[in-house]
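Note sheet for the following structure.
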Amino acid sequence: MINIEYPHSAITSQVIGCAMRVHGQLGNGFQEVIYQRALQIEMRLAGLKFSREFEMPIYYRGQHIGTRRVDFLVEDIISVELKAVVQLQDVHFAQAINYLEAYNLEVGLLINFGERSLNFKRLNNKRYKSVQTLMYIP
């Protein structure tokens, strides 16, 4: 599952493996918070560093306008958004991509436990600016 062409592939593969174990044990049909708690246990056992329901500020034109919580921020670089719906919709993808852009994270995962088989999507932030790029702004 690790593909060196993708940034942070080793970490995202670990998270996906944890999600597969959770789905294998619980199946579909529970509320999102149940999967969130179970995934927290699996990621802890896998030795991943993470924050659950990580609150991040949202800015507009340099002004703080609110906060949002991503389900998990893993290793301080990957957002993980969980769903427990019958099928992922465009709005779910938009939310996950908005988090990546708002927090300037390069990679995120959108994981749906609500389907018969675990469904996960790896998302890349096309607007991502590396630290080196941010430091060079004239």
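Residue numbers start at 1 in each chain; chains themselves are named A, B, ... in the order of the structure tokens; ligands are numbered from 1 in the order shown.
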Q: Excluding region 62-75 of chain A and any residue of its chain fewer than 4 positions from it, enumerate the residues within 12 Å of it, using only C-alpha atoms, and give them as an MDAnalysis selection string.
A: chainID A and resid 8 10:16 32:33 35:37 39:40 43:44 46:58 79:83 95:100 102:103 105 107:111
Q) Quick one: residues within 12 Å of Phe113 (chain A), only C-alpha atoms counted, chain neighbours fewer than 2 positions away excluded, as an MDAnalysis selection string? A) chainID A and resid 16 19:36 38:39 81:88 110:111 115:121
Since we have the selection now, will you write its residues out, keeping N, CA and C atoms, as an mmCIF file, in the first residue's frame?
```cif
data_model
loop_
_atom_site.group_PDB
_atom_site.id
_atom_site.type_symbol
_atom_site.label_atom_id
_atom_site.label_comp_id
_atom_site.auth_asym_id
_atom_site.auth_seq_id
_atom_site.Cartn_x
_atom_site.Cartn_y
_atom_site.Cartn_z
ATOM 1 N N ILE A 16 -4.571 3.920 7.290
ATOM 2 C CA ILE A 16 -5.533 3.097 6.549
ATOM 3 C C ILE A 16 -5.571 1.681 7.117
ATOM 4 N N ALA A 19 -7.622 1.769 10.184
ATOM 5 C CA ALA A 19 -9.046 1.881 9.838
ATOM 6 C C ALA A 19 -9.597 0.542 9.348
ATOM 7 N N MET A 20 -8.787 -0.201 8.606
ATOM 8 C CA MET A 20 -9.227 -1.518 8.124
ATOM 9 C C MET A 20 -9.460 -2.475 9.291
ATOM 10 N N ARG A 21 -8.598 -2.418 10.297
ATOM 11 C CA ARG A 21 -8.785 -3.264 11.474
ATOM 12 C C ARG A 21 -10.076 -2.892 12.208
ATOM 13 N N VAL A 22 -10.331 -1.589 12.334
ATOM 14 C CA VAL A 22 -11.561 -1.134 12.996
ATOM 15 C C VAL A 22 -12.782 -1.620 12.219
ATOM 16 N N HIS A 23 -12.782 -1.409 10.907
ATOM 17 C CA HIS A 23 -13.933 -1.812 10.100
ATOM 18 C C HIS A 23 -14.100 -3.331 10.112
ATOM 19 N N GLY A 24 -12.989 -4.039 10.121
ATOM 20 C CA GLY A 24 -13.051 -5.496 10.187
ATOM 21 C C GLY A 24 -13.694 -5.997 11.468
ATOM 22 N N GLN A 25 -13.470 -5.289 12.560
ATOM 23 C CA GLN A 25 -14.048 -5.679 13.852
ATOM 24 C C GLN A 25 -15.485 -5.201 14.027
ATOM 25 N N LEU A 26 -15.756 -3.955 13.622
ATOM 26 C CA LEU A 26 -17.061 -3.354 13.894
ATOM 27 C C LEU A 26 -18.034 -3.425 12.721
ATOM 28 N N GLY A 27 -17.498 -3.529 11.504
ATOM 29 C CA GLY A 27 -18.376 -3.473 10.336
ATOM 30 C C GLY A 27 -18.948 -2.084 10.165
ATOM 31 N N ASN A 28 -20.039 -1.981 9.405
ATOM 32 C CA ASN A 28 -20.675 -0.680 9.217
ATOM 33 C C ASN A 28 -21.921 -0.595 10.093
ATOM 34 N N GLY A 29 -22.480 0.617 10.223
ATOM 35 C CA GLY A 29 -23.746 0.767 10.936
ATOM 36 C C GLY A 29 -23.685 1.525 12.246
ATOM 37 N N PHE A 30 -22.492 1.861 12.716
ATOM 38 C CA PHE A 30 -22.378 2.636 13.949
ATOM 39 C C PHE A 30 -22.277 4.127 13.631
ATOM 40 N N GLN A 31 -22.441 4.938 14.661
ATOM 41 C CA GLN A 31 -22.255 6.374 14.508
ATOM 42 C C GLN A 31 -20.768 6.678 14.368
ATOM 43 N N GLU A 32 -20.485 7.816 13.760
ATOM 44 C CA GLU A 32 -19.102 8.234 13.491
ATOM 45 C C GLU A 32 -18.236 8.245 14.747
ATOM 46 N N VAL A 33 -18.788 8.694 15.865
ATOM 47 C CA VAL A 33 -18.003 8.809 17.089
ATOM 48 C C VAL A 33 -17.488 7.449 17.559
ATOM 49 N N ILE A 34 -18.219 6.378 17.311
ATOM 50 C CA ILE A 34 -17.773 5.034 17.687
ATOM 51 C C ILE A 34 -16.528 4.663 16.895
ATOM 52 N N TYR A 35 -16.552 4.939 15.603
ATOM 53 C CA TYR A 35 -15.376 4.649 14.771
ATOM 54 C C TYR A 35 -14.205 5.544 15.162
ATOM 55 N N GLN A 36 -14.503 6.773 15.524
ATOM 56 C CA GLN A 36 -13.455 7.696 15.940
ATOM 57 C C GLN A 36 -12.744 7.168 17.189
ATOM 58 N N ALA A 38 -12.659 4.020 18.252
ATOM 59 C CA ALA A 38 -11.953 2.776 17.931
ATOM 60 C C ALA A 38 -10.673 3.068 17.146
ATOM 61 N N LEU A 39 -10.735 4.004 16.214
ATOM 62 C CA LEU A 39 -9.539 4.344 15.438
ATOM 63 C C LEU A 39 -8.470 4.961 16.332
ATOM 64 N N GLU A 81 -10.287 12.770 8.163
ATOM 65 C CA GLU A 81 -11.697 13.082 8.350
ATOM 66 C C GLU A 81 -12.493 11.792 8.214
ATOM 67 N N LEU A 82 -13.319 11.491 9.228
ATOM 68 C CA LEU A 82 -14.104 10.265 9.239
ATOM 69 C C LEU A 82 -15.557 10.537 8.904
ATOM 70 N N LYS A 83 -16.163 9.567 8.245
ATOM 71 C CA LYS A 83 -17.593 9.596 7.961
ATOM 72 C C LYS A 83 -18.158 8.211 8.245
ATOM 73 N N ALA A 84 -19.461 8.168 8.496
ATOM 74 C CA ALA A 84 -20.166 6.901 8.681
ATOM 75 C C ALA A 84 -21.483 7.015 7.916
ATOM 76 N N VAL A 85 -21.353 7.153 6.595
ATOM 77 C CA VAL A 85 -22.511 7.358 5.722
ATOM 78 C C VAL A 85 -22.580 6.233 4.695
ATOM 79 N N VAL A 86 -23.751 6.059 4.099
ATOM 80 C CA VAL A 86 -23.945 4.998 3.113
ATOM 81 C C VAL A 86 -23.030 5.193 1.908
ATOM 82 N N GLN A 87 -22.852 6.458 1.494
ATOM 83 C CA GLN A 87 -21.986 6.754 0.351
ATOM 84 C C GLN A 87 -21.420 8.160 0.505
ATOM 85 N N LEU A 88 -20.144 8.312 0.204
ATOM 86 C CA LEU A 88 -19.532 9.633 0.249
ATOM 87 C C LEU A 88 -20.144 10.527 -0.829
ATOM 88 N N LEU A 110 -9.790 10.837 3.743
ATOM 89 C CA LEU A 110 -11.231 10.831 3.984
ATOM 90 C C LEU A 110 -11.615 9.358 4.069
ATOM 91 N N ILE A 111 -12.080 8.940 5.245
ATOM 92 C CA ILE A 111 -12.359 7.528 5.493
ATOM 93 C C ILE A 111 -13.836 7.369 5.835
ATOM 94 N N GLU A 115 -19.956 2.212 4.678
ATOM 95 C CA GLU A 115 -20.210 1.296 3.563
ATOM 96 C C GLU A 115 -19.872 -0.135 3.991
ATOM 97 N N ARG A 116 -20.340 -1.098 3.216
ATOM 98 C CA ARG A 116 -20.072 -2.507 3.560
ATOM 99 C C ARG A 116 -18.580 -2.797 3.595
ATOM 100 N N SER A 117 -17.847 -2.208 2.672
ATOM 101 C CA SER A 117 -16.383 -2.289 2.675
ATOM 102 C C SER A 117 -15.847 -0.907 3.026
ATOM 103 N N LEU A 118 -14.766 -0.863 3.769
ATOM 104 C CA LEU A 118 -14.171 0.417 4.122
ATOM 105 C C LEU A 118 -13.835 1.190 2.852
ATOM 106 N N ASN A 119 -14.187 2.457 2.817
ATOM 107 C CA ASN A 119 -13.886 3.310 1.676
ATOM 108 C C ASN A 119 -12.976 4.425 2.165
ATOM 109 N N PHE A 120 -11.839 4.580 1.525
ATOM 110 C CA PHE A 120 -10.923 5.651 1.902
ATOM 111 C C PHE A 120 -10.381 6.332 0.657
ATOM 112 N N LYS A 121 -10.164 7.625 0.796
ATOM 113 C CA LYS A 121 -9.620 8.434 -0.296
ATOM 114 C C LYS A 121 -8.456 9.227 0.251
#
```
Q: Write down as a ChimeraX atom specification the residues belonging to chain A that are assigned strand (DSSP E or B) by DSSP computed on the backbone.
A: /A:50-60,63-74,78-83,107-112,119-124
Q: Identify which of the residues A:Asn104, A:Asn112, A:Leu123, A:Tyr128 lies closest to Tyr59 (chain A), counting only C-alpha atoms when measuring atom-to-atom distances.
A: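 For Tyr59 (chain A), the nearest of the given residues is A:Asn104.
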Q) For Ala94 (chain A), which of A:Ile41, A:Glu106, A:Asn125, A:Ile78 is the closest residue, counting only C-alpha atoms? A) A:Asn125
Q.
Please extract the residues of chain A with a backbone DSSP assignment of alpha helix (DSSP H) and present them as a ChimeraX atom specification.
A. /A:9-26,32-45,90-103,131-135
Q: Quote the spacing between CA of Pro7 (chain A) and CA of Arg122 (chain A) in Å to one decimal place.
A: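 Interatomic distance here is 10.5 Å.
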Q. In Å to one decimal, how far is CA of Gly17 (chain A) from CA of Lys126 (chain A)?
A.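 Atom-to-atom, CA of Lys126 (chain A) to CA of Gly17 (chain A), that is 25.2 Å.
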